[in-house]
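A.B. asks: Pasting start-v5.cif below, which is mmCIF, C-alpha atoms.
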data_start
#
loop_
_atom_site.label_atom_id
_atom_site.label_comp_id
_atom_site.auth_asym_id
_atom_site.auth_seq_id
_atom_site.Cartn_x
_atom_site.Cartn_y
_atom_site.Cartn_z
CA MET A 1 0.00 0.00 0.00
CA SER A 2 1.26 3.46 -0.80
CA ASP A 3 1.58 5.98 2.02
CA SER A 4 -1.23 8.05 0.55
CA SER A 5 -3.75 5.20 0.45
CA SER A 6 -2.77 4.26 4.00
CA GLN A 7 -3.58 7.79 5.13
CA LEU A 8 -6.99 7.55 3.47
CA LEU A 9 -8.04 4.41 5.37
CA HIS A 10 -10.92 5.31 7.68
CA PRO A 11 -9.67 5.46 11.30
CA LEU A 12 -12.40 3.09 12.55
CA LEU A 13 -11.33 0.46 10.00
CA ALA A 14 -7.64 1.01 10.69
CA ALA A 15 -8.16 0.63 14.46
CA ARG A 16 -10.55 -2.37 14.36
CA TRP A 17 -9.32 -5.69 15.72
CA SER A 18 -10.87 -8.78 17.36
CA PRO A 19 -9.84 -8.98 21.01
CA THR A 20 -10.11 -11.98 23.31
CA THR A 21 -9.82 -9.85 26.44
CA PHE A 22 -13.00 -8.02 27.43
CA ASN A 23 -13.68 -5.82 30.41
CA ASP A 24 -15.90 -8.11 32.50
CA SER A 25 -17.85 -5.36 34.25
CA GLU A 26 -18.71 -3.11 31.30
CA GLN A 27 -22.45 -2.75 30.79
CA ILE A 28 -23.75 -2.04 27.30
CA SER A 29 -26.99 -0.07 27.24
CA GLU A 30 -30.17 -1.10 25.46
CA THR A 31 -29.88 2.08 23.38
CA GLU A 32 -26.40 1.04 22.22
CA VAL A 33 -27.70 -2.42 21.34
CA GLU A 34 -30.52 -0.87 19.32
CA ALA A 35 -28.04 1.30 17.41
CA MET A 36 -26.03 -1.84 16.49
CA LEU A 37 -29.17 -3.63 15.29
CA GLU A 38 -30.16 -0.56 13.33
CA ALA A 39 -26.75 -0.61 11.63
CA ALA A 40 -27.25 -4.26 10.63
CA ARG A 41 -30.79 -3.57 9.53
CA TRP A 42 -29.70 -1.08 6.88
CA ALA A 43 -27.06 -3.33 5.31
CA PRO A 44 -27.59 -4.10 1.62
CA SER A 45 -28.70 -7.58 0.54
CA ALA A 46 -29.53 -9.47 -2.64
CA GLY A 47 -32.95 -8.37 -3.83
CA ASN A 48 -33.34 -6.69 -0.43
CA SER A 49 -33.96 -10.19 1.00
CA GLN A 50 -32.52 -9.20 4.44
CA PRO A 51 -31.69 -12.82 5.37
CA TRP A 52 -30.59 -12.07 8.92
CA ALA A 53 -31.78 -12.26 12.50
CA PHE A 54 -30.08 -11.83 15.85
CA ILE A 55 -30.40 -13.35 19.32
CA VAL A 56 -29.17 -10.70 21.72
CA GLY A 57 -27.92 -11.27 25.28
CA ARG A 58 -26.74 -8.43 27.54
CA ARG A 59 -24.77 -9.30 30.68
CA GLY A 60 -27.19 -9.99 33.49
CA ASP A 61 -30.21 -10.86 31.37
CA PRO A 62 -31.48 -14.43 30.90
CA ALA A 63 -30.55 -14.57 27.21
CA HIS A 64 -26.88 -13.82 27.98
CA ALA A 65 -26.71 -16.72 30.44
CA ARG A 66 -28.45 -19.03 27.98
CA LEU A 67 -26.03 -18.09 25.21
CA VAL A 68 -23.03 -18.59 27.54
CA GLY A 69 -24.33 -22.09 28.25
CA HIS A 70 -23.68 -23.12 24.65
CA LEU A 71 -20.19 -21.67 24.21
CA ALA A 72 -17.47 -24.19 23.49
CA PRO A 73 -14.79 -24.48 26.19
CA SER A 74 -12.31 -22.71 23.90
CA SER A 75 -14.47 -19.60 23.53
CA ARG A 76 -16.06 -19.61 26.97
CA THR A 77 -12.80 -18.63 28.68
CA TRP A 78 -12.92 -15.21 27.05
CA ALA A 79 -16.37 -14.72 25.44
CA GLU A 80 -18.38 -14.95 28.65
CA ASN A 81 -16.63 -11.77 29.80
CA ALA A 82 -18.15 -9.78 26.94
CA GLY A 83 -21.04 -7.58 28.06
CA LEU A 84 -22.93 -8.40 24.89
CA LEU A 85 -23.25 -11.73 23.10
CA ILE A 86 -25.12 -11.94 19.82
CA ALA A 87 -25.95 -15.06 17.82
CA ASN A 88 -26.01 -14.16 14.11
CA LEU A 89 -28.60 -16.11 12.12
CA SER A 90 -28.93 -16.55 8.37
CA HIS A 91 -32.08 -17.47 6.49
CA ARG A 92 -30.96 -20.60 4.60
CA LEU A 93 -34.11 -22.37 3.37
CA VAL A 94 -37.59 -21.43 2.29
CA GLU A 95 -39.84 -22.37 5.18
CA GLU A 96 -40.84 -26.06 5.25
CA THR A 97 -38.86 -26.85 2.09
CA ASP A 98 -35.31 -27.76 1.11
CA TRP A 99 -35.12 -24.89 -1.35
CA GLU A 100 -32.34 -22.41 -0.79
CA TYR A 101 -33.77 -19.12 0.44
CA SER A 102 -30.99 -17.06 -1.11
CA GLU A 103 -27.66 -17.88 -2.74
CA PHE A 104 -26.35 -14.92 -0.75
CA SER A 105 -27.67 -15.55 2.76
CA HIS A 106 -24.19 -16.06 4.27
CA TYR A 107 -22.72 -13.23 2.22
CA ASP A 108 -25.45 -10.83 3.28
CA LEU A 109 -25.28 -11.84 6.94
CA GLY A 110 -21.53 -11.17 6.80
CA GLN A 111 -22.27 -7.68 5.54
CA ALA A 112 -24.86 -7.06 8.25
CA VAL A 113 -22.43 -8.18 10.96
CA ALA A 114 -19.73 -5.94 9.45
CA HIS A 115 -22.16 -3.01 9.66
CA MET A 116 -22.90 -3.90 13.28
CA THR A 117 -19.18 -4.12 14.00
CA PHE A 118 -18.56 -0.75 12.44
CA GLN A 119 -21.34 0.78 14.53
CA ALA A 120 -19.96 -0.87 17.68
CA SER A 121 -16.49 0.50 16.87
CA SER A 122 -17.89 4.00 16.50
CA MET A 123 -19.22 3.73 20.08
CA GLY A 124 -15.89 2.51 21.48
CA PHE A 125 -16.63 -1.22 21.56
CA SER A 126 -14.71 -4.12 20.06
CA VAL A 127 -16.18 -7.23 18.44
CA ARG A 128 -14.81 -10.73 18.04
CA GLN A 129 -16.80 -13.16 15.89
CA PHE A 130 -16.44 -16.89 16.42
CA ARG A 131 -17.82 -20.31 15.55
CA ALA A 132 -16.80 -22.11 18.77
CA PHE A 133 -20.29 -22.83 20.11
CA ASP A 134 -22.75 -25.73 20.07
CA ARG A 135 -24.85 -24.89 17.02
CA ASP A 136 -27.44 -27.61 17.57
CA GLY A 137 -27.73 -26.94 21.28
CA LEU A 138 -28.10 -23.22 20.81
CA SER A 139 -30.67 -23.68 18.04
CA ALA A 140 -32.75 -25.95 20.28
CA GLU A 141 -32.39 -23.59 23.25
CA PHE A 142 -33.95 -20.71 21.32
CA ASP A 143 -36.40 -22.72 19.17
CA VAL A 144 -34.62 -21.65 15.98
CA PRO A 145 -36.61 -23.19 13.14
CA ARG A 146 -34.86 -25.46 10.68
CA HIS A 147 -34.86 -22.92 7.85
CA TRP A 148 -32.63 -20.58 9.86
CA GLU A 149 -29.00 -21.30 10.77
CA VAL A 150 -27.06 -19.92 13.73
CA THR A 151 -24.08 -19.08 11.56
CA THR A 152 -21.71 -17.25 13.92
CA MET A 153 -21.63 -15.48 17.26
CA SER A 154 -20.25 -12.07 18.16
CA ALA A 155 -18.73 -11.12 21.52
CA ILE A 156 -18.94 -7.37 21.99
CA GLY A 157 -17.50 -5.18 24.73
CA ARG A 158 -14.61 -2.95 25.62
CA ALA A 159 -11.23 -4.56 25.05
CA ALA A 160 -9.59 -4.88 28.45
CA ASP A 161 -6.13 -4.07 27.13
CA VAL A 162 -6.57 -0.91 25.09
CA ALA A 163 -3.88 0.87 27.08
CA SER A 164 -1.51 -2.10 27.07
CA PRO A 165 -2.15 -4.30 24.03
CA ALA A 166 -1.01 -7.64 25.45
CA ASP A 167 -3.85 -9.68 23.93
CA PRO A 168 -2.28 -12.46 21.85
CA ALA A 169 -5.06 -11.90 19.30
CA ARG A 170 -3.54 -8.50 18.54
CA ALA A 171 0.03 -9.76 18.32
CA SER A 172 -1.02 -12.36 15.73
CA ARG A 173 -2.93 -9.87 13.57
CA ASP A 174 -1.65 -10.18 10.03
CA ARG A 175 -2.92 -10.15 6.43
CA ARG A 176 -1.93 -11.16 2.90
CA PRO A 177 -0.39 -8.22 0.99
CA VAL A 178 -2.71 -6.24 -1.28
CA ASP A 179 -0.91 -7.57 -4.37
CA ASP A 180 -2.03 -11.03 -3.37
CA LEU A 181 -5.75 -10.21 -3.12
CA ARG A 182 -5.90 -8.08 -6.26
CA TRP A 183 -6.41 -10.56 -9.05
CA PRO A 184 -3.07 -11.18 -10.85
CA ALA A 185 -2.17 -7.79 -12.23
CA ASP A 186 -0.29 -9.25 -15.21
CA ARG A 187 -3.55 -10.82 -16.44
CA LEU A 188 -5.57 -7.64 -16.04
CA SER A 189 -3.82 -5.32 -18.47
CA MET B 1 -35.97 2.23 16.91
CA SER B 2 -35.92 4.78 19.71
CA ASP B 3 -34.89 8.34 18.88
CA SER B 4 -31.73 7.96 20.94
CA SER B 5 -30.49 4.87 19.09
CA SER B 6 -31.30 6.58 15.79
CA GLN B 7 -29.10 9.49 16.79
CA LEU B 8 -26.25 7.09 17.58
CA LEU B 9 -26.23 5.49 14.12
CA HIS B 10 -22.96 6.39 12.40
CA PRO B 11 -23.59 9.03 9.69
CA LEU B 12 -21.82 6.99 6.99
CA LEU B 13 -24.11 4.02 7.69
CA ALA B 14 -27.21 6.21 7.90
CA ALA B 15 -26.40 7.87 4.55
CA ARG B 16 -25.36 4.73 2.62
CA TRP B 17 -27.55 3.52 -0.21
CA SER B 18 -27.10 1.64 -3.50
CA PRO B 19 -27.69 3.96 -6.45
CA THR B 20 -28.27 2.97 -10.06
CA THR B 21 -27.35 6.42 -11.35
CA PHE B 22 -23.62 7.11 -11.49
CA ASN B 23 -21.80 10.17 -12.76
CA ASP B 24 -20.35 8.85 -16.02
CA SER B 25 -17.31 11.13 -16.15
CA GLU B 26 -16.03 10.78 -12.56
CA GLN B 27 -12.53 9.34 -12.42
CA ILE B 28 -11.50 7.36 -9.33
CA SER B 29 -7.79 7.54 -8.58
CA GLU B 30 -5.49 4.58 -8.11
CA THR B 31 -4.81 5.82 -4.57
CA GLU B 32 -8.53 5.72 -3.79
CA VAL B 33 -8.77 2.20 -5.21
CA GLU B 34 -5.85 1.11 -3.03
CA ALA B 35 -7.55 2.53 0.06
CA MET B 36 -10.68 0.48 -0.73
CA LEU B 37 -8.63 -2.70 -1.17
CA GLU B 38 -6.80 -1.95 2.05
CA ALA B 39 -10.16 -1.66 3.83
CA ALA B 40 -11.20 -5.08 2.50
CA ARG B 41 -7.82 -6.54 3.36
CA TRP B 42 -8.21 -5.81 7.07
CA ALA B 43 -11.68 -7.35 7.37
CA PRO B 44 -11.95 -10.22 9.87
CA SER B 45 -12.37 -13.80 8.62
CA ALA B 46 -12.73 -17.32 10.03
CA GLY B 47 -9.31 -18.47 11.20
CA ASN B 48 -7.89 -15.44 9.32
CA SER B 49 -8.50 -17.42 6.11
CA GLN B 50 -8.99 -14.20 4.07
CA PRO B 51 -11.00 -16.00 1.35
CA TRP B 52 -11.29 -13.00 -0.97
CA ALA B 53 -9.82 -11.54 -4.13
CA PHE B 54 -10.82 -8.69 -6.41
CA ILE B 55 -10.66 -7.94 -10.13
CA VAL B 56 -10.49 -4.17 -10.43
CA GLY B 57 -11.41 -2.09 -13.47
CA ARG B 58 -11.15 1.70 -13.54
CA ARG B 59 -12.87 3.60 -16.35
CA GLY B 60 -10.56 3.80 -19.32
CA ASP B 61 -8.40 0.81 -18.46
CA PRO B 62 -8.65 -2.53 -20.30
CA ALA B 63 -10.02 -4.39 -17.26
CA HIS B 64 -13.00 -2.01 -16.99
CA ALA B 65 -13.92 -2.66 -20.63
CA ARG B 66 -13.50 -6.42 -20.15
CA LEU B 67 -15.73 -6.39 -17.06
CA VAL B 68 -18.38 -4.31 -18.88
CA GLY B 69 -18.41 -6.94 -21.61
CA HIS B 70 -19.84 -9.50 -19.18
CA LEU B 71 -22.56 -7.37 -17.58
CA ALA B 72 -26.10 -8.61 -18.08
CA PRO B 73 -28.32 -6.29 -20.12
CA SER B 74 -30.23 -5.36 -16.92
CA SER B 75 -27.10 -4.11 -15.13
CA ARG B 76 -25.22 -2.75 -18.13
CA THR B 77 -27.64 0.14 -18.57
CA TRP B 78 -26.45 1.68 -15.31
CA ALA B 79 -23.30 -0.17 -14.14
CA GLU B 80 -21.14 0.73 -17.11
CA ASN B 81 -21.40 4.36 -16.02
CA ALA B 82 -19.61 3.62 -12.75
CA GLY B 83 -16.00 4.78 -12.76
CA LEU B 84 -14.95 1.66 -10.90
CA LEU B 85 -16.14 -1.92 -11.39
CA ILE B 86 -14.91 -4.64 -9.07
CA ALA B 87 -15.57 -8.37 -9.34
CA ASN B 88 -15.65 -9.85 -5.82
CA LEU B 89 -14.24 -13.38 -5.63
CA SER B 90 -14.57 -15.96 -2.86
CA HIS B 91 -12.24 -18.89 -2.28
CA ARG B 92 -14.68 -21.83 -2.38
CA LEU B 93 -12.62 -25.01 -2.77
CA VAL B 94 -9.20 -26.25 -1.80
CA GLU B 95 -7.10 -26.14 -4.97
CA GLU B 96 -7.59 -29.16 -7.25
CA THR B 97 -10.10 -30.80 -4.89
CA ASP B 98 -13.82 -30.72 -4.15
CA TRP B 99 -13.21 -29.93 -0.49
CA GLU B 100 -14.77 -26.74 0.80
CA TYR B 101 -12.07 -24.18 1.49
CA SER B 102 -14.06 -22.51 4.28
CA GLU B 103 -17.61 -22.79 5.54
CA PHE B 104 -17.46 -19.00 5.78
CA SER B 105 -16.05 -17.95 2.41
CA HIS B 106 -19.23 -16.17 1.33
CA TYR B 107 -19.78 -14.70 4.77
CA ASP B 108 -16.23 -13.38 4.94
CA LEU B 109 -16.33 -11.97 1.41
CA GLY B 110 -19.52 -10.15 2.39
CA GLN B 111 -17.69 -8.59 5.31
CA ALA B 112 -14.74 -7.56 3.13
CA VAL B 113 -17.07 -5.92 0.59
CA ALA B 114 -18.89 -4.14 3.43
CA HIS B 115 -15.52 -2.78 4.62
CA MET B 116 -14.73 -1.67 1.08
CA THR B 117 -18.14 -0.02 0.83
CA PHE B 118 -17.63 1.79 4.10
CA GLN B 119 -14.24 3.07 2.92
CA ALA B 120 -15.75 4.17 -0.40
CA SER B 121 -18.51 5.99 1.48
CA SER B 122 -15.96 7.82 3.62
CA MET B 123 -14.38 9.16 0.39
CA GLY B 124 -17.74 10.32 -1.01
CA PHE B 125 -18.45 7.38 -3.31
CA SER B 126 -21.49 5.13 -3.50
CA VAL B 127 -21.52 1.38 -4.16
CA ARG B 128 -24.13 -0.88 -5.66
CA GLN B 129 -23.51 -4.63 -5.55
CA PHE B 130 -25.16 -6.92 -8.05
CA ARG B 131 -25.30 -10.42 -9.48
CA ALA B 132 -26.51 -9.54 -12.98
CA PHE B 133 -23.40 -10.60 -14.91
CA ASP B 134 -22.25 -13.66 -16.86
CA ARG B 135 -20.39 -15.57 -14.16
CA ASP B 136 -18.97 -18.23 -16.48
CA GLY B 137 -17.98 -15.76 -19.14
CA LEU B 138 -16.31 -13.44 -16.69
CA SER B 139 -14.45 -16.32 -15.02
CA ALA B 140 -13.12 -17.48 -18.39
CA GLU B 141 -12.20 -13.94 -19.42
CA PHE B 142 -9.93 -13.52 -16.38
CA ASP B 143 -8.69 -17.12 -16.10
CA VAL B 144 -10.33 -17.49 -12.67
CA PRO B 145 -9.44 -21.00 -11.49
CA ARG B 146 -12.20 -23.40 -10.57
CA HIS B 147 -11.59 -23.15 -6.83
CA TRP B 148 -12.51 -19.46 -6.84
CA GLU B 149 -16.00 -18.08 -7.56
CA VAL B 150 -16.89 -14.66 -8.93
CA THR B 151 -19.59 -14.15 -6.32
CA THR B 152 -20.77 -10.58 -6.89
CA MET B 153 -19.77 -7.36 -8.57
CA SER B 154 -19.64 -3.84 -7.20
CA ALA B 155 -20.25 -0.67 -9.20
CA ILE B 156 -18.59 2.28 -7.47
CA GLY B 157 -18.74 5.97 -8.25
CA ARG B 158 -20.46 9.19 -7.35
CA ALA B 159 -24.22 8.96 -7.38
CA ALA B 160 -25.43 11.27 -10.12
CA ASP B 161 -28.46 12.41 -8.16
CA VAL B 162 -27.13 13.42 -4.74
CA ALA B 163 -28.70 16.86 -5.06
CA SER B 164 -31.96 15.54 -6.46
CA PRO B 165 -32.59 11.97 -5.29
CA ALA B 166 -34.71 10.78 -8.21
CA ASP B 167 -33.05 7.36 -8.50
CA PRO B 168 -35.82 4.75 -8.19
CA ALA B 169 -33.36 2.66 -6.13
CA ARG B 170 -33.59 5.27 -3.39
CA ALA B 171 -37.35 5.54 -3.49
CA SER B 172 -37.68 1.78 -3.00
CA ARG B 173 -35.27 1.67 -0.04
CA ASP B 174 -37.01 -0.12 2.81
CA ARG B 175 -36.27 -2.63 5.58
CA ARG B 176 -38.01 -5.00 8.00
CA PRO B 177 -38.55 -3.36 11.40
CA VAL B 178 -35.95 -4.07 14.11
CA ASP B 179 -38.49 -6.12 16.09
CA ASP B 180 -38.63 -8.51 13.17
CA LEU B 181 -34.89 -9.17 12.97
CA ARG B 182 -34.33 -9.43 16.71
CA TRP B 183 -35.18 -13.04 17.50
CA PRO B 184 -38.71 -13.24 18.96
CA ALA B 185 -38.46 -11.21 22.13
CA ASP B 186 -41.08 -13.31 23.91
CA ARG B 187 -38.83 -16.36 23.62
CA LEU B 188 -35.75 -14.59 24.91
CA SER B 189 -36.75 -13.65 28.42
#
Output the structure of this file as structure tokens.
C.D. replies:
Amino acid sequence: MSDSSSQLLHPLLAARWSPTTFNDSEQISETEVEAMLEAARWAPSAGNSQPWAFIVGRRGDPAHARLVGHLAPSSRTWAENAGLLIANLSHRLVEETDWEYSEFSHYDLGQAVAHMTFQASSMGFSVRQFRAFDRDGLSAEFDVPRHWEVTTMSAIGRAADVASPADPARASRDRRPVDDLRWPADRLS
Amino acid sequence: MSDSSSQLLHPLLAARWSPTTFNDSEQISETEVEAMLEAARWAPSAGNSQPWAFIVGRRGDPAHARLVGHLAPSSRTWAENAGLLIANLSHRLVEETDWEYSEFSHYDLGQAVAHMTFQASSMGFSVRQFRAFDRDGLSAEFDVPRHWEVTTMSAIGRAADVASPADPARASRDRRPVDDLRWPADRLS
């Protein structure tokens, strides 16, 4: 990346990362939760199909405890500290059929969660998405019908180590170079 | 949504929409393109798998003309006016196998495109994603190997009608209410 494009990168995107250390006493308000859902709500989707839904648990409410109960051991050590846990659901099948609801239901859910993450970042929160939970158990717990899938979960809160970034998740943060994700330049011209 | 959560929604998310009317003389700089790719590059992904790649065409370069050649008639009428066309690719299979590369390749590509869209918005551009293109033809044109999929395309530029929002795409902009995407509240408590 050139220096000039680096300077153009939006500060909320440049600063975003996925911590595994959350402040375990931070309380996220219902108003803040609503703003995150609103951000997801206005994401674009194929044919405006909006193939997303969210199970929301704030620390101290019954849904949070029920979500924690289905975390895998590997995620529970850190995710239960997050003041907000959200299960991110995608609409996979047309109700009572085996027909695909949308070719883009995962893609569009990813966009909605990215919007939610951006909104959370703008309010000072960090988000870590993960798959380490009991999908079947969680689906049964919340009566998720078969045509919806609990695709991922998000742990949302304030990173405990903002001042001293000792979280191993930050140290391991790395990406392929831009030249590797831009389709082979020698074939493009 | 309560008034207070509405006020919290980040202005770039609140203002985002997907126009079908682009200024057909706007030129997007290489530095701006790099900033958009950088935004996508730093998106999160499952196990940091980064299952994304992008074919980029700026107005006037050969790639733009080659991408335009594979637009469907329904998208060509408006998308060819966009100063920047990007084909968004997801890594679907492990090379030379039928094994899924990642359960989350669509989901993660969706997030990367959302990051790119957010970055574009912060620089004053609008993005409309679409599927109305010849996937096989475009894949052959750019020698996309079988284990990658051209999932969507993005048309990026300045909306022609910012001052006078007559684009029918804006008039039809609508979403399910928040209560409908938050998993049934009566089952959560």
A.B. asks: Can you turn the PyMOL selection byres ((chain A) within 6 of (chain B)) into a concrete residue list for this file, as a PyMOL selection string?
C.D. replies: chain A and resi 5+9+31+34-35+53-55+62-63+106-107+110-111+114+181-183+188-189
A.B. asks: To one decimal place, how far is CA of Glu80 (chain A) from CA of Leu138 (chain A) in Å?
C.D. replies: 15.0 Å
A.B. asks: With distances taken over only C-alpha atoms, which residue among A:Leu93, A:Ala72, A:Ile86, A:Ala79 lies nearest Arg135 (chain A)?
C.D. replies: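 Once distances to Arg135 (chain A) are computed over only C-alpha atoms, the minimum belongs to A:Ala72.
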A.B. asks: Mind working out the centre and edge lengths of an axis-aligned box for region 51-65 of chain A, all listed atoms inside, 3 Å added to each side, rounded to one decimal in Å and written as AutoDock Vina command-line options?
C.D. replies:
--center_x -28.3 --center_y -12.6 --center_z 19.4 --size_x 13.0 --size_y 14.3 --size_z 34.1
A.B. asks: Do you know which residues lie at most 12 Å from (-34.8, -22.9, 1.6), with coordinates as in the file and all atoms listed in the file counted, and could you write them as number ranges by chain?
C.D. replies: A: 51, 90-105, 145-149
A.B. asks: Report, in Å with one decimal, the straight-line distance from CA of Pro19 (chain B) to CA of Ala171 (chain B).
C.D. replies: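 For CA of Pro19 (chain B) relative to CA of Ala171 (chain B), the distance reads 10.2 Å.
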A.B. asks: Would you fill out region 107-120 of chain B with N, CA, C and O atoms and return it as a short mmCIF file (atom, residue, chain, number, x, y, z; two decimals), in the coordinates of the input?
C.D. replies:
data_model
loop_
_atom_site.label_atom_id
_atom_site.label_comp_id
_atom_site.auth_asym_id
_atom_site.auth_seq_id
_atom_site.Cartn_x
_atom_site.Cartn_y
_atom_site.Cartn_z
N TYR B 107 -19.58 -15.60 3.62
CA TYR B 107 -19.78 -14.70 4.77
C TYR B 107 -18.62 -13.71 4.88
O TYR B 107 -18.82 -12.50 5.04
N ASP B 108 -17.40 -14.23 4.78
CA ASP B 108 -16.23 -13.38 4.94
C ASP B 108 -16.06 -12.43 3.75
O ASP B 108 -15.64 -11.27 3.93
N LEU B 109 -16.38 -12.89 2.56
CA LEU B 109 -16.33 -11.97 1.41
C LEU B 109 -17.34 -10.84 1.61
O LEU B 109 -17.04 -9.67 1.34
N GLY B 110 -18.52 -11.19 2.10
CA GLY B 110 -19.52 -10.15 2.39
C GLY B 110 -18.98 -9.10 3.34
O GLY B 110 -19.17 -7.90 3.15
N GLN B 111 -18.27 -9.55 4.37
CA GLN B 111 -17.69 -8.59 5.31
C GLN B 111 -16.64 -7.72 4.62
O GLN B 111 -16.56 -6.51 4.86
N ALA B 112 -15.79 -8.34 3.80
CA ALA B 112 -14.74 -7.56 3.13
C ALA B 112 -15.35 -6.51 2.20
O ALA B 112 -14.87 -5.37 2.14
N VAL B 113 -16.42 -6.88 1.49
CA VAL B 113 -17.07 -5.92 0.59
C VAL B 113 -17.76 -4.82 1.39
O VAL B 113 -17.77 -3.65 0.99
N ALA B 114 -18.29 -5.17 2.56
CA ALA B 114 -18.89 -4.14 3.43
C ALA B 114 -17.81 -3.16 3.89
O ALA B 114 -18.04 -1.94 3.94
N HIS B 115 -16.62 -3.68 4.23
CA HIS B 115 -15.52 -2.78 4.62
C HIS B 115 -15.15 -1.86 3.45
O HIS B 115 -14.93 -0.66 3.63
N MET B 116 -15.08 -2.45 2.26
CA MET B 116 -14.73 -1.67 1.08
C MET B 116 -15.79 -0.59 0.82
O MET B 116 -15.46 0.55 0.49
N THR B 117 -17.04 -0.96 1.02
CA THR B 117 -18.14 -0.02 0.83
C THR B 117 -18.06 1.12 1.84
O THR B 117 -18.26 2.29 1.50
N PHE B 118 -17.74 0.75 3.08
CA PHE B 118 -17.63 1.79 4.10
C PHE B 118 -16.51 2.76 3.75
O PHE B 118 -16.67 3.99 3.85
N GLN B 119 -15.37 2.21 3.31
CA GLN B 119 -14.24 3.07 2.92
C GLN B 119 -14.63 3.96 1.74
O GLN B 119 -14.33 5.16 1.74
N ALA B 120 -15.30 3.38 0.76
CA ALA B 120 -15.75 4.17 -0.40
C ALA B 120 -16.67 5.30 0.06
O ALA B 120 -16.54 6.45 -0.39
#
